[in-house]
$ cat start-v3.txt   # compact mmCIF, C-alpha atoms
# COMPACT_ATOMS: atom_id res chain seq x y z
CA MET A 208 3.21 -31.29 -17.87
CA ARG A 209 4.95 -34.64 -17.46
CA ARG A 210 6.69 -34.26 -20.80
CA GLY A 211 7.81 -30.78 -19.71
CA LEU A 212 9.41 -32.26 -16.61
CA VAL A 213 11.34 -34.81 -18.61
CA VAL A 214 12.75 -32.03 -20.79
CA LEU A 215 13.70 -30.08 -17.67
CA VAL A 216 15.50 -33.05 -16.20
CA ALA A 217 17.50 -33.42 -19.40
CA PHE A 218 18.27 -29.71 -19.38
CA CYS A 219 19.40 -29.54 -15.78
CA ALA A 220 21.61 -32.60 -15.95
CA GLY A 221 24.02 -30.43 -17.92
CA VAL A 222 23.97 -27.45 -15.53
CA SER A 223 26.97 -27.17 -13.25
CA GLY A 224 26.22 -27.25 -9.56
CA ALA A 225 23.07 -29.30 -10.16
CA GLN A 226 24.45 -32.08 -7.97
CA GLU A 227 24.57 -29.83 -4.89
CA ARG A 228 20.84 -29.10 -5.01
CA VAL A 229 18.82 -28.72 -1.82
CA LEU A 230 15.84 -30.54 -3.33
CA PRO A 231 16.64 -33.21 -5.89
CA LEU A 232 15.03 -32.70 -9.29
CA SER A 233 12.91 -35.81 -8.78
CA VAL A 234 10.92 -34.06 -6.04
CA LEU A 235 11.15 -30.43 -7.24
CA ARG A 236 7.60 -29.05 -7.48
CA SER A 237 6.27 -25.64 -8.36
CA GLY A 238 3.97 -24.03 -5.79
CA ILE A 239 1.05 -24.32 -8.20
CA THR A 240 1.07 -28.12 -7.80
CA PHE A 241 0.17 -27.64 -4.12
CA ALA A 242 -2.80 -25.42 -5.02
CA GLY A 243 -6.38 -26.55 -5.50
CA PRO A 244 -8.03 -27.00 -8.90
CA ASP A 245 -9.72 -23.57 -8.81
CA VAL A 246 -6.46 -21.69 -8.24
CA ARG A 247 -4.76 -23.75 -10.93
CA ALA A 248 -7.55 -23.00 -13.38
CA MET A 249 -7.32 -19.30 -12.55
CA GLN A 250 -3.58 -19.21 -13.22
CA SER A 251 -3.70 -21.11 -16.49
CA ASP A 252 -6.53 -19.05 -18.01
CA ASP A 253 -5.24 -15.76 -19.45
CA VAL A 254 -8.60 -14.03 -19.02
CA ALA A 255 -9.37 -15.27 -15.51
CA ASN A 256 -5.81 -14.65 -14.24
CA PRO A 257 -5.96 -11.16 -12.69
CA GLY A 258 -2.16 -10.86 -12.96
CA GLU A 259 -2.66 -10.30 -16.68
CA LEU A 260 -4.10 -6.87 -15.86
CA TRP A 261 -0.66 -5.90 -14.57
CA VAL A 262 1.10 -7.49 -17.54
CA GLU A 263 -1.08 -5.48 -19.90
CA ARG A 264 -0.33 -2.30 -18.03
CA GLY A 265 3.37 -3.19 -18.04
CA GLU A 266 3.26 -3.41 -21.83
CA LYS A 267 1.86 0.13 -22.00
CA LEU A 268 4.54 1.42 -19.62
CA TRP A 269 7.23 -0.36 -21.65
CA ASN A 270 6.32 1.78 -24.66
CA LEU A 271 5.72 5.02 -22.76
CA PRO A 272 8.54 7.62 -22.91
CA ALA A 273 9.50 8.79 -19.42
CA GLY A 274 11.93 11.03 -17.58
CA ALA A 275 14.31 13.74 -18.71
CA ALA A 276 15.73 11.44 -21.39
CA GLU A 277 12.23 11.10 -22.87
CA ARG A 278 12.96 7.53 -23.79
CA SER A 279 10.80 4.49 -23.24
CA CYS A 280 12.06 1.02 -22.39
CA ALA A 281 11.32 0.15 -26.01
CA SER A 282 13.58 2.96 -27.30
CA CYS A 283 16.61 0.95 -26.19
CA HIS A 284 15.36 -2.61 -25.72
CA GLY A 285 12.93 -2.79 -28.65
CA ASP A 286 10.28 -5.46 -28.60
CA ALA A 287 10.25 -7.03 -25.15
CA ARG A 288 8.89 -10.28 -26.55
CA THR A 289 12.31 -10.97 -28.06
CA SER A 290 14.74 -8.78 -26.11
CA MET A 291 13.43 -9.78 -22.67
CA ARG A 292 12.89 -13.46 -23.44
CA GLY A 293 14.76 -15.36 -20.74
CA ALA A 294 15.86 -12.24 -18.84
CA ALA A 295 13.85 -13.07 -15.72
CA THR A 296 15.37 -16.55 -15.50
CA ARG A 297 18.80 -14.97 -14.81
CA TYR A 298 17.70 -12.66 -11.98
CA PRO A 299 18.72 -11.78 -9.29
CA ALA A 300 22.11 -11.17 -10.91
CA HIS A 301 25.32 -9.56 -9.76
CA ASP A 302 26.34 -6.46 -11.68
CA VAL A 303 30.13 -6.45 -11.77
CA ALA A 304 30.49 -2.78 -12.73
CA ARG A 305 28.26 -1.60 -9.87
CA ASP A 306 29.31 -4.39 -7.50
CA LYS A 307 25.73 -4.95 -6.42
CA LEU A 308 23.17 -7.72 -6.56
CA PHE A 309 20.12 -6.64 -8.54
CA ASP A 310 16.79 -8.37 -8.46
CA LEU A 311 14.48 -7.76 -11.41
CA GLU A 312 12.65 -4.88 -9.70
CA ALA A 313 15.90 -3.16 -8.73
CA ARG A 314 17.28 -3.60 -12.25
CA ILE A 315 14.18 -2.06 -13.82
CA ASP A 316 14.25 0.83 -11.37
CA ASP A 317 17.99 1.33 -11.93
CA CYS A 318 17.37 1.54 -15.66
CA ARG A 319 14.57 4.00 -15.02
CA THR A 320 16.57 6.37 -12.84
CA ARG A 321 19.90 6.17 -14.72
CA ARG A 322 18.91 5.76 -18.36
CA GLN A 323 15.49 7.38 -18.47
CA GLN A 324 16.46 9.88 -15.76
CA ALA A 325 13.02 9.52 -14.27
CA SER A 326 11.89 9.38 -10.65
CA SER A 327 12.48 6.12 -8.84
CA TYR A 328 9.57 3.71 -8.48
CA LEU A 329 8.47 2.75 -5.00
CA ARG A 330 8.76 -0.95 -4.20
CA GLU A 331 5.36 -2.64 -4.52
CA SER A 332 4.01 0.29 -6.52
CA ASP A 333 1.61 -0.74 -9.26
CA ASP A 334 3.91 0.66 -11.96
CA LEU A 335 6.99 -1.26 -10.84
CA LEU A 336 4.99 -4.46 -10.35
CA SER A 337 3.45 -4.03 -13.79
CA LEU A 338 6.79 -3.61 -15.55
CA THR A 339 8.31 -6.48 -13.58
CA ALA A 340 5.36 -8.71 -14.40
CA TYR A 341 5.59 -7.75 -18.08
CA VAL A 342 9.32 -8.52 -18.24
CA ALA A 343 8.96 -11.76 -16.27
CA TYR A 344 6.01 -12.76 -18.48
CA GLN A 345 8.36 -12.87 -21.48
CA SER A 346 10.20 -15.76 -19.80
CA ARG A 347 7.10 -17.82 -19.11
CA GLY A 348 7.87 -21.51 -19.42
CA LEU A 349 11.66 -21.05 -19.41
CA PRO A 350 13.60 -22.72 -16.57
CA LEU A 351 15.15 -20.58 -13.82
CA ALA A 352 18.93 -20.49 -14.24
CA VAL A 353 20.65 -17.91 -12.04
CA SER A 354 24.41 -17.68 -11.69
CA ILE A 355 25.94 -18.05 -8.23
CA ASP A 356 29.52 -18.03 -9.47
CA GLY A 357 32.13 -15.34 -8.95
CA PRO A 358 31.03 -12.21 -7.09
CA ALA A 359 27.50 -13.54 -6.49
CA ARG A 360 28.88 -16.40 -4.41
CA ALA A 361 29.26 -14.38 -1.20
CA ALA A 362 25.67 -13.13 -1.37
CA PHE A 363 24.50 -16.67 -2.09
CA GLU A 364 26.30 -18.09 0.94
CA ARG A 365 24.89 -15.36 3.21
CA ALA A 366 21.37 -16.13 1.96
CA ARG A 367 21.88 -19.84 2.42
CA ALA A 368 22.91 -19.20 6.04
CA PHE A 369 19.84 -16.97 6.50
CA TYR A 370 17.64 -19.71 5.07
CA ASP A 371 19.01 -22.32 7.49
CA GLN A 372 19.06 -19.96 10.49
CA ARG A 373 16.20 -19.98 13.02
CA HIS A 374 14.18 -16.75 13.04
CA GLY A 375 11.68 -14.99 15.24
CA GLN A 376 9.53 -16.01 18.18
CA MET A 377 8.50 -19.21 16.46
CA ASN A 378 12.18 -20.12 16.26
CA LEU A 379 11.79 -21.56 12.80
CA ALA A 380 14.19 -21.60 9.87
CA CYS A 381 12.91 -21.47 6.30
CA ALA A 382 14.34 -24.97 5.89
CA HIS A 383 12.15 -26.39 8.68
CA CYS A 384 9.01 -25.93 6.62
CA HIS A 385 10.13 -25.74 3.01
CA ASP A 386 12.88 -28.41 2.98
CA GLN A 387 11.81 -30.80 5.71
CA ASN A 388 8.03 -30.59 5.87
CA TRP A 389 6.72 -29.57 2.47
CA GLY A 390 3.61 -31.39 1.42
CA LYS A 391 2.35 -31.59 5.02
CA ARG A 392 -0.45 -29.44 6.41
CA LEU A 393 -0.21 -26.24 8.39
CA LEU A 394 -3.83 -25.75 9.47
CA GLY A 395 -5.71 -25.26 6.19
CA GLU A 396 -2.61 -24.82 4.05
CA THR A 397 -0.37 -27.35 2.38
CA ILE A 398 3.24 -26.32 2.95
CA SER A 399 4.90 -25.67 -0.40
CA GLN A 400 8.54 -26.01 -1.27
CA GLY A 401 8.84 -22.24 -1.22
CA HIS A 402 9.82 -21.48 -4.79
CA GLY A 403 9.55 -18.00 -6.29
CA ASN A 404 9.04 -18.98 -9.92
CA ALA A 405 5.49 -17.56 -10.09
CA PHE A 406 6.37 -14.08 -8.83
CA PRO A 407 5.32 -11.36 -9.17
CA ALA A 408 2.16 -13.28 -8.37
CA TYR A 409 -1.47 -12.45 -7.76
CA ARG A 410 -2.17 -13.57 -4.23
CA LEU A 411 -5.83 -13.97 -3.36
CA GLU A 412 -5.10 -13.00 0.24
CA TRP A 413 -3.62 -9.70 -1.00
CA GLN A 414 -6.33 -9.12 -3.58
CA GLY A 415 -3.53 -7.90 -5.81
CA LEU A 416 -0.17 -8.54 -7.40
CA GLY A 417 2.87 -8.67 -5.14
CA SER A 418 6.60 -9.26 -5.43
CA LEU A 419 8.63 -12.17 -4.12
CA GLN A 420 10.10 -9.82 -1.51
CA ARG A 421 6.61 -9.10 -0.22
CA ARG A 422 5.97 -12.83 -0.01
CA ILE A 423 9.21 -13.44 1.87
CA ARG A 424 8.38 -10.61 4.27
CA ALA A 425 4.95 -12.15 4.83
CA CYS A 426 6.61 -15.48 5.66
CA LEU A 427 8.93 -13.76 8.16
CA PHE A 428 5.91 -12.01 9.67
CA GLY A 429 4.31 -15.44 10.02
CA VAL A 430 7.17 -16.77 12.12
CA ARG A 431 7.13 -13.49 14.08
CA ALA A 432 10.60 -12.50 12.97
CA GLU A 433 12.01 -9.09 12.15
CA MET A 434 11.26 -8.17 8.57
CA PRO A 435 13.98 -6.45 6.53
CA PRO A 436 12.48 -3.42 4.74
CA ALA A 437 11.36 -3.86 1.13
CA GLY A 438 14.36 -3.51 -1.17
CA ALA A 439 16.85 -4.57 1.52
CA ALA A 440 20.02 -6.37 0.39
CA GLU A 441 19.18 -9.45 2.52
CA LEU A 442 15.94 -9.92 0.62
CA ALA A 443 17.59 -9.69 -2.81
CA GLU A 444 20.17 -12.23 -1.62
CA LEU A 445 17.43 -14.53 -0.41
CA GLU A 446 15.73 -14.19 -3.79
CA LEU A 447 19.01 -15.33 -5.38
CA PHE A 448 19.23 -18.36 -3.10
CA LEU A 449 15.59 -19.26 -3.76
CA ALA A 450 16.06 -18.93 -7.53
CA TRP A 451 19.11 -21.19 -7.38
CA ARG A 452 17.21 -23.64 -5.22
CA ALA A 453 14.37 -23.66 -7.76
CA GLN A 454 16.65 -23.89 -10.80
CA GLY A 455 14.98 -25.83 -13.56
CA LEU A 456 11.43 -24.85 -12.60
CA PRO A 457 9.68 -22.86 -15.33
CA VAL A 458 8.81 -19.19 -14.81
CA GLU A 459 5.04 -18.89 -14.23
CA ALA A 460 4.74 -15.14 -13.76
CA PRO A 461 2.17 -13.80 -13.22
CA GLY A 462 1.16 -16.77 -11.09
CA VAL A 463 -1.89 -17.08 -8.85
CA ARG A 464 -1.54 -18.16 -5.25
CA ARG A 465 -3.81 -18.31 -2.22
CA MET B 4 -4.36 2.01 -17.45
CA PRO B 5 -6.29 -0.91 -18.89
CA ASP B 6 -9.57 -1.25 -17.07
CA ALA B 7 -10.62 -4.67 -18.24
CA ARG B 8 -9.77 -7.71 -20.27
CA VAL B 9 -12.58 -9.06 -22.44
CA HIS B 10 -12.70 -12.36 -24.23
CA VAL B 11 -15.30 -13.27 -26.84
CA PRO B 12 -14.90 -15.49 -29.89
CA GLY B 13 -14.22 -13.37 -33.01
CA GLU B 14 -16.76 -15.31 -35.05
CA VAL B 15 -19.89 -16.95 -33.67
CA PRO B 16 -22.52 -19.19 -35.30
CA ARG B 17 -25.94 -17.54 -35.75
CA GLY B 18 -28.39 -18.38 -32.98
CA LYS B 19 -25.87 -20.41 -30.95
CA PRO B 20 -24.95 -19.18 -27.45
CA PHE B 21 -21.35 -18.04 -27.10
CA GLU B 22 -19.27 -17.38 -24.02
CA VAL B 23 -18.38 -13.86 -22.88
CA ARG B 24 -15.71 -13.42 -20.24
CA ILE B 25 -14.62 -10.16 -18.67
CA LEU B 26 -12.09 -9.31 -15.95
CA ILE B 27 -12.41 -5.80 -14.55
CA ARG B 28 -9.69 -4.03 -12.59
CA HIS B 29 -11.28 -2.72 -9.40
CA PRO B 30 -10.24 -2.78 -5.71
CA MET B 31 -13.80 -3.69 -4.52
CA GLU B 32 -13.16 -1.94 -1.22
CA THR B 33 -15.62 -3.42 1.27
CA GLY B 34 -16.00 -0.45 3.61
CA TYR B 35 -15.17 -2.64 6.60
CA ARG B 36 -11.43 -2.02 6.56
CA THR B 37 -9.40 0.70 8.26
CA ASP B 38 -6.16 2.29 7.13
CA ASP B 39 -2.90 2.34 9.12
CA ALA B 40 -4.14 5.33 11.12
CA GLY B 41 -7.34 3.51 12.07
CA LYS B 42 -9.56 5.62 9.83
CA PRO B 43 -12.27 3.65 8.03
CA ILE B 44 -11.73 3.22 4.30
CA ALA B 45 -14.87 4.21 2.41
CA ARG B 46 -16.75 1.46 0.68
CA ASN B 47 -16.14 1.45 -3.05
CA VAL B 48 -17.40 -1.51 -5.04
CA LEU B 49 -18.68 -1.83 -8.58
CA SER B 50 -22.37 -1.30 -8.00
CA THR B 51 -23.73 -2.08 -11.43
CA PHE B 52 -22.52 -3.86 -14.52
CA ALA B 53 -24.42 -4.01 -17.79
CA CYS B 54 -23.75 -5.65 -21.13
CA ARG B 55 -25.63 -4.63 -24.27
CA TYR B 56 -25.65 -6.15 -27.71
CA ASN B 57 -26.41 -3.60 -30.43
CA GLY B 58 -28.00 -1.46 -27.71
CA GLU B 59 -30.20 -4.24 -26.34
CA ALA B 60 -29.58 -5.25 -22.74
CA VAL B 61 -28.42 -8.89 -22.61
CA PHE B 62 -26.85 -9.17 -19.18
CA SER B 63 -26.68 -7.04 -16.08
CA ALA B 64 -25.52 -7.54 -12.54
CA ARG B 65 -25.58 -5.75 -9.24
CA LEU B 66 -22.35 -6.43 -7.37
CA SER B 67 -21.80 -6.07 -3.65
CA SER B 68 -19.04 -5.94 -1.06
CA GLY B 69 -18.83 -9.73 -0.81
CA ILE B 70 -17.19 -9.95 -4.21
CA ALA B 71 -13.38 -10.07 -4.45
CA ALA B 72 -11.18 -7.43 -6.05
CA ASN B 73 -10.86 -7.47 -9.84
CA PRO B 74 -14.19 -9.21 -10.46
CA TYR B 75 -14.39 -11.81 -13.21
CA LEU B 76 -17.72 -12.37 -14.94
CA ARG B 77 -18.64 -15.11 -17.36
CA PHE B 78 -21.96 -15.43 -19.15
CA PHE B 79 -23.51 -16.53 -22.42
CA VAL B 80 -25.07 -14.47 -25.18
CA THR B 81 -26.90 -15.54 -28.34
CA ALA B 82 -26.50 -13.38 -31.44
CA ARG B 83 -28.81 -13.13 -34.46
CA ASP B 84 -26.79 -10.51 -36.33
CA SER B 85 -23.24 -9.19 -36.29
CA GLY B 86 -22.76 -6.23 -34.04
CA GLN B 87 -21.14 -4.73 -31.05
CA LEU B 88 -21.08 -5.87 -27.43
CA THR B 89 -20.73 -2.96 -25.06
CA PHE B 90 -19.90 -3.26 -21.39
CA GLU B 91 -20.54 -0.54 -18.83
CA TRP B 92 -19.94 -0.39 -15.14
CA ILE B 93 -20.09 2.20 -12.38
CA ASP B 94 -18.69 2.11 -8.86
CA ASP B 95 -19.78 3.67 -5.57
CA SER B 96 -17.52 6.67 -6.08
CA GLY B 97 -19.24 7.37 -9.39
CA VAL B 98 -16.36 6.33 -11.64
CA ARG B 99 -17.59 4.81 -14.88
CA GLY B 100 -15.76 2.30 -17.00
CA GLY B 101 -16.52 0.70 -20.31
CA GLU B 102 -15.34 -1.58 -23.03
CA ARG B 103 -16.62 -2.56 -26.46
CA VAL B 104 -15.91 -5.46 -28.73
CA ALA B 105 -17.15 -6.45 -32.18
CA VAL B 106 -18.82 -9.81 -32.83
CA THR B 107 -19.18 -11.30 -36.32
CA VAL B 108 -22.00 -13.77 -36.92
CA VAL B 109 -21.26 -16.44 -39.50
$ encode --input "start-v3.txt" --output "structure tokens"
Amino acid sequence: MRRGLVVLVAFCAGVSGAQERVLPLSVLRSGITFAGPDVRAMQSDDVANPGELWVERGEKLWNLPAGAAERSCASCHGDARTSMRGAATRYPAHDVARDKLFDLEARIDDCRTRRQQASSYLRESDDLLSLTAYVAYQSRGLPLAVSIDGPARAAFERARAFYDQRHGQMNLACAHCHDQNWGKRLLGETISQGHGNAFPAYRLEWQGLGSLQRRIRACLFGVRAEMPPAGAAELAELELFLAWRAQGLPVEAPGVRR
Amino acid sequence: MPDARVHVPGEVPRGKPFEVRILIRHPMETGYRTDDAGKPIARNVLSTFACRYNGEAVFSARLSSGIAANPYLRFFVTARDSGQLTFEWIDDSGVRGGERVAVTVV
């Protein structure tokens, strides 16, 4: 783990924009480091980690022909273990041709409806979570490295403003907890730095796998703020900001969290 | 849909206990929850789980509503001869699941 961090530091020193980080690399910590030993053990063991059930199902779906085109993901993309390696580290990403910010779920669903000509997946459906987990799993251990240049910049700035803005009846901004008070206690919980590198993650509270958008919505619910609907543009933008903020942290999907 | 993930060593020494681990996909619905309309959700948990080695029962469990979704079981088995471990489970709604895995004794 420590050696991994040293490599990451060396890697990120060369990334542009690294100097304007919210959290300096010296204190950047994945959410798993705030978890107890039992949750850590669960995440690191491929048999005990329930998220692997979704990954396994995602692999089946990857190879299953679907839609009017009767093509599977594998028909175009081949073996996900090579073609999808690193893909999740670059998402959310701005698609220039469509002029839209896609998170990984939206990209998979877009591929499904346009290329496979199949019915759209519902957000948080088991199938979409499974495919997302399978694709993200191929990037396990690789550092997050999203692009906020060019057309993605506007979305990034909006999300940054959202992150620093007070929300809801609790009148709290994301930054109040996750920038200024991480590591301290909130009742029984240790406040994490709020990184999304383990998502889609198996949350014990949910008794199932859930997306980063679901987690963000749960956080907004916690501060008694209005929750944008699943799949909303604000949430994808916030995912982009969080991924940039966590740049350099390795992908852990499917992670395990309380 | 995969129902379970099983992990056993491919080769085991004769007469030495080896570890069997299994993760079963199941919602383990407690029966205490209600849906969005306030209607109770029927209890549906894995009621029984059994593991046999070459047909001989080696481990069984009765599970209840206090056990989390996607139960994970870990136990030890001693093998005299090579053979097959079979796992069977049944839930409250009568749905059966199963898995089998070969074990080679060396």
$ interface_residues --input "start-v3.txt" --of "chain A" --to "chain B" --cutoff "12 Å" --atoms "only C-alpha atoms" --output "PyMOL selection string"
chain A and resi 249+252-268+271+333-334+337+409-416
$ closest_residue --input "start-v3.txt" --among "B:Thr51, B:Asp94, B:Val104, B:Asp84" --to "Val15 of chain B" --atoms "only C-alpha atoms"
B:Asp84
$ atom_distance --input "start-v3.txt" --atom1 "atom CA of Glu91 of chain B" --atom2 "atom CA of Gln250 of chain A"
25.8 Å
$ residues_around --input "start-v3.txt" --residues "Ser67 of chain B" --least-positions-apart "5" --cutoff "8 Å" --atoms "only C-alpha atoms" --output "list in words"
Val48, Leu49 and Ser50 of chain B
$ write_last_selection --input "start-v3.txt" --atoms "C-alpha atoms" --output "compact mmCIF listing (two decimals), keeping the file's coordinate frame"
# COMPACT_ATOMS: atom_id res chain seq x y z
CA VAL B 48 -17.40 -1.51 -5.04
CA LEU B 49 -18.68 -1.83 -8.58
CA SER B 50 -22.37 -1.30 -8.00
$ residues_around --input "start-v3.txt" --residues "segment 273-282 of chain A" --least-positions-apart "2" --cutoff "6 Å" --atoms "only C-alpha atoms" --output "list in words"
Trp269, Asn270, Leu271, His284, Gly285, Gln323, Gln324 and Ala325 of chain A
$ atom_distance --input "start-v3.txt" --atom1 "atom CA of Lys307 of chain A" --atom2 "atom CA of Gly417 of chain A"
23.2 Å
$ closest_residue --input "start-v3.txt" --among "B:Ala53, B:Val61, B:Thr37, B:Asn47" --to "Val98 of chain B" --atoms "only C-alpha atoms"
B:Asn47
$ closest_residue --input "start-v3.txt" --among "B:Gly58, B:Gly18, B:Pro12, B:Gly69" --to "Gly34 of chain B" --atoms "only C-alpha atoms"
B:Gly69
$ decode --input "start-v3.txt" --residues "segment 267-287 of chain A" --atoms "C-alpha atoms" --output "mmCIF file, in the first residue's frame"
data_model
loop_
_atom_site.group_PDB
_atom_site.id
_atom_site.type_symbol
_atom_site.label_atom_id
_atom_site.label_comp_id
_atom_site.auth_asym_id
_atom_site.auth_seq_id
_atom_site.Cartn_x
_atom_site.Cartn_y
_atom_site.Cartn_z
ATOM 1 C CA LYS A 267 -22.271 -12.563 -18.768
ATOM 2 C CA LEU A 268 -24.169 -9.499 -20.012
ATOM 3 C CA TRP A 269 -21.048 -8.262 -21.815
ATOM 4 C CA ASN A 270 -21.094 -11.402 -23.962
ATOM 5 C CA LEU A 271 -24.870 -11.600 -24.402
ATOM 6 C CA PRO A 272 -26.256 -10.372 -27.770
ATOM 7 C CA ALA A 273 -29.061 -7.856 -27.243
ATOM 8 C CA GLY A 274 -31.421 -5.579 -29.128
ATOM 9 C CA ALA A 275 -32.395 -5.302 -32.771
ATOM 10 C CA ALA A 276 -28.728 -5.254 -33.786
ATOM 11 C CA GLU A 277 -28.271 -8.636 -32.086
ATOM 12 C CA ARG A 278 -24.793 -7.643 -31.050
ATOM 13 C CA SER A 279 -23.175 -8.016 -27.660
ATOM 14 C CA CYS A 280 -20.738 -5.575 -26.105
ATOM 15 C CA ALA A 281 -18.040 -8.097 -27.005
ATOM 16 C CA SER A 282 -19.020 -8.038 -30.709
ATOM 17 C CA CYS A 283 -17.527 -4.552 -30.988
ATOM 18 C CA HIS A 284 -15.278 -4.157 -27.946
ATOM 19 C CA GLY A 285 -13.870 -7.693 -27.774
ATOM 20 C CA ASP A 286 -12.336 -8.837 -24.533
ATOM 21 C CA ALA A 287 -13.176 -6.287 -21.856
#
